[in-house]
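First the structure, in the form of structure tokens, and then the observations on it.
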Amino acid sequence: MLLGIGLNIAMLVELRTVNLRSRLTPWLLRNQVMFDGLACCLTILILWVQEIPTYDEVSGAIVCYLWDSQSSFWTAIALSTCNLMCIAFDHLLATVYCVTYRIYQTRYIVGCCIANFTYTLLVVLLYLSCYTNGTFQTEVRPEYIIAFNMAKIHQVLLAVVYYLLPLVFLITVHFRVIWHIKAYFRLPNAFAGPTTELSSTTTHESNCGSVGDEGDVHSRSVIKSLTVGTFCLITSMILAHSYDSFYYVFGPSLVYAYIVGSEEQLISLLIIASNCAVNPVILALSLPSMRKRIFTHMRMIKQHLGEFFHSC
């Protein structure tokens with residue numbers, strides 16, 4: 001998790017040097033690394049601070065609903081997941097609807113803020129905790145009627161909103177963008193006029209008026225970068241979220257209760273948090289200018305290490 005924090009901070013610093021002709025894309029990328037970095041920090045705190053002492057009913061209830069329930073962590077994860085969908089949507093707008101994209105960027109920023117807030121309210125586990133007789137109940141049992149019924153509803157809601165919706169949305173949007181790019185570069189005059197701006201998570205600014213073989217090579221490079229970046233984002237999300245989603249939704253039916261703070265639940269939390277450490281790497285490698293800078297830094301580090309060991 002410390003590595004994830006470092007990678008997200010490095011990505012946040014490097015984003016200041018990336019030149020994108022869009023206000024929405026850099027804003028979303030900065031949000032992504034901040035949400036992912038926050039999730040990594042909260043993961044460390046959850047594993048480190050197992051119990052917070054309380055002295056009365058009020059402080060006990062506050063600690064229960066805001067910390068013991070891990071609602072702060074799930075809020076950061078929900079923000080990160082929704083922001084990934086907003087990045088994909090930004091990609092779609094910048095590629096397929098580039099004219100309106102430039103005009104209504106402020107509206108899109110406001111819309112992304114509303115989407116993040118609404119999505120987080122749907123996903124967060126704040127109301128699924130139960131504080132009874134001064135203790136936090138880690139398992140929602142039938143005798144806690146309201147929490148038990150809410151948990152049953154939330155299992156279905158989480159499966160749809162937290163797992164299926166982002167997965168289907170990311171796949172649909174990215175395949176739509178890839179299809180649009182391929183269709184565009186098949187046109188006979190594809191390189192004669194101004195090209196579509198491709199500023200998003202998986203590609204930098206597009207070429208402007210490349211012709212002939214150079215344009216064909218660039219288009220294939222853009223499509224390849226887009227495809228690989230999309231595949232990595234979707235794959236990392238599936239791998240990171242599948243275990244916890246399956247455990248939470250189907251665990252009670254298989255007589256494996258989802259107990260907050262248990263070893264099994266903390267393992268699922270670590271798997272999800274690892275995705276927050278991988279996301280900045282995927283985003284960095286998907287931006288051509290940043291990818292080139294990363295490779296330059298790696299060569300410099302390798303050279304300095306070689307000189308150091310040679311001198312020793």
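Naming scheme: A, B, ... for chains in displayed order of the structure tokens; residues 1 onward per chain; ligands 1 onward as shown.
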
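Shell of A:Ala277 at 10 Å, with only C-alpha atoms counted and residues fewer than 6 places along the chain excluded, is A:Met1, A:Leu2, A:Leu3, A:Gly4, A:Ile5, A:Gly6, A:Leu7, A:Asn8, A:Val33, A:Asp36, A:Gly37, A:Ala39, A:Cys40.
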
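For A:Cys86, the residues within 8 Å (counting only C-alpha atoms, excluding itself and residues fewer than 3 positions away along the chain) are Leu28, Cys82, Asn83, Phe89, Asp90 and Cys112 of chain A.
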
(request) Write out as a PyMOL selection string each polymer residue whose atoms come within 9 Å of A:Thr81, counting only C-alpha atoms; drop sequence neighbours fewer than 5 positions from it. (result) chain A and resi 32+76+86+116+162+166+237

Output the selection as a CSV table (one decimal), in the first residue's frame - C-alpha atoms for each residue.
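Final output, result27.csv:
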```csv
chain,number,residue,atom,x,y,z
A,32,GLN,CA,-8.4,9.3,-10.0
A,76,ALA,CA,-13.0,6.1,-1.6
A,86,CYS,CA,-16.3,9.2,-15.9
A,116,ASN,CA,-19.6,10.6,-8.3
A,162,TYR,CA,-20.8,-1.8,-7.9
A,166,PRO,CA,-19.0,-0.4,-14.2
A,237,MET,CA,-11.1,-4.2,-12.1
```

(request) Enter the distance from atom CA of A:Thr75 to atom CA of A:Val123, in Å, rounded to one decimal. (result) 7.7 Å

(request) Could you give me, as a VMD selection string, the residues within 8 Å of A:Val177, counting only C-alpha atoms and dropping anything in the same chain fewer than 2 positions from it? (result) chain A and resid 91 to 92 95 to 96 173 to 175 179 to 181

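Here atom CA of A:Leu84 stands at a distance of 8.3 Å from atom CA of A:Leu170.
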
(request) Work out how far atom CA of A:Ile9 is from atom CA of A:Ser286, in Å to one decimal. (result) 17.3 Å

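Once stretch 291-307 of chain A and its same-chain neighbours fewer than 2 positions away are set aside, Leu7, Ala10, Met11, Glu14, Leu15, Thr17, Val18, Thr202, Thr203, His204, Ser225, Pro280, Val281, Ile282, Leu283, Ala284, Leu285, Ser286, Leu287, Pro288, Ser289, Phe309, His310, Ser311 and Cys312 of chain A remain within 12 Å of it when counting only C-alpha atoms.
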
(request) Tell me, as a PyMOL selection string, which residues lie within 9 Å of A:Leu269, counting only C-alpha atoms; anything in the same chain fewer than 5 positions away does not count. (result) chain A and resi 43+73+244+264+274

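Nearest to A:Asn31 of all the residues A:Ile109, A:Val260, A:Ile238, A:Leu122 is A:Ile109, counting only C-alpha atoms.
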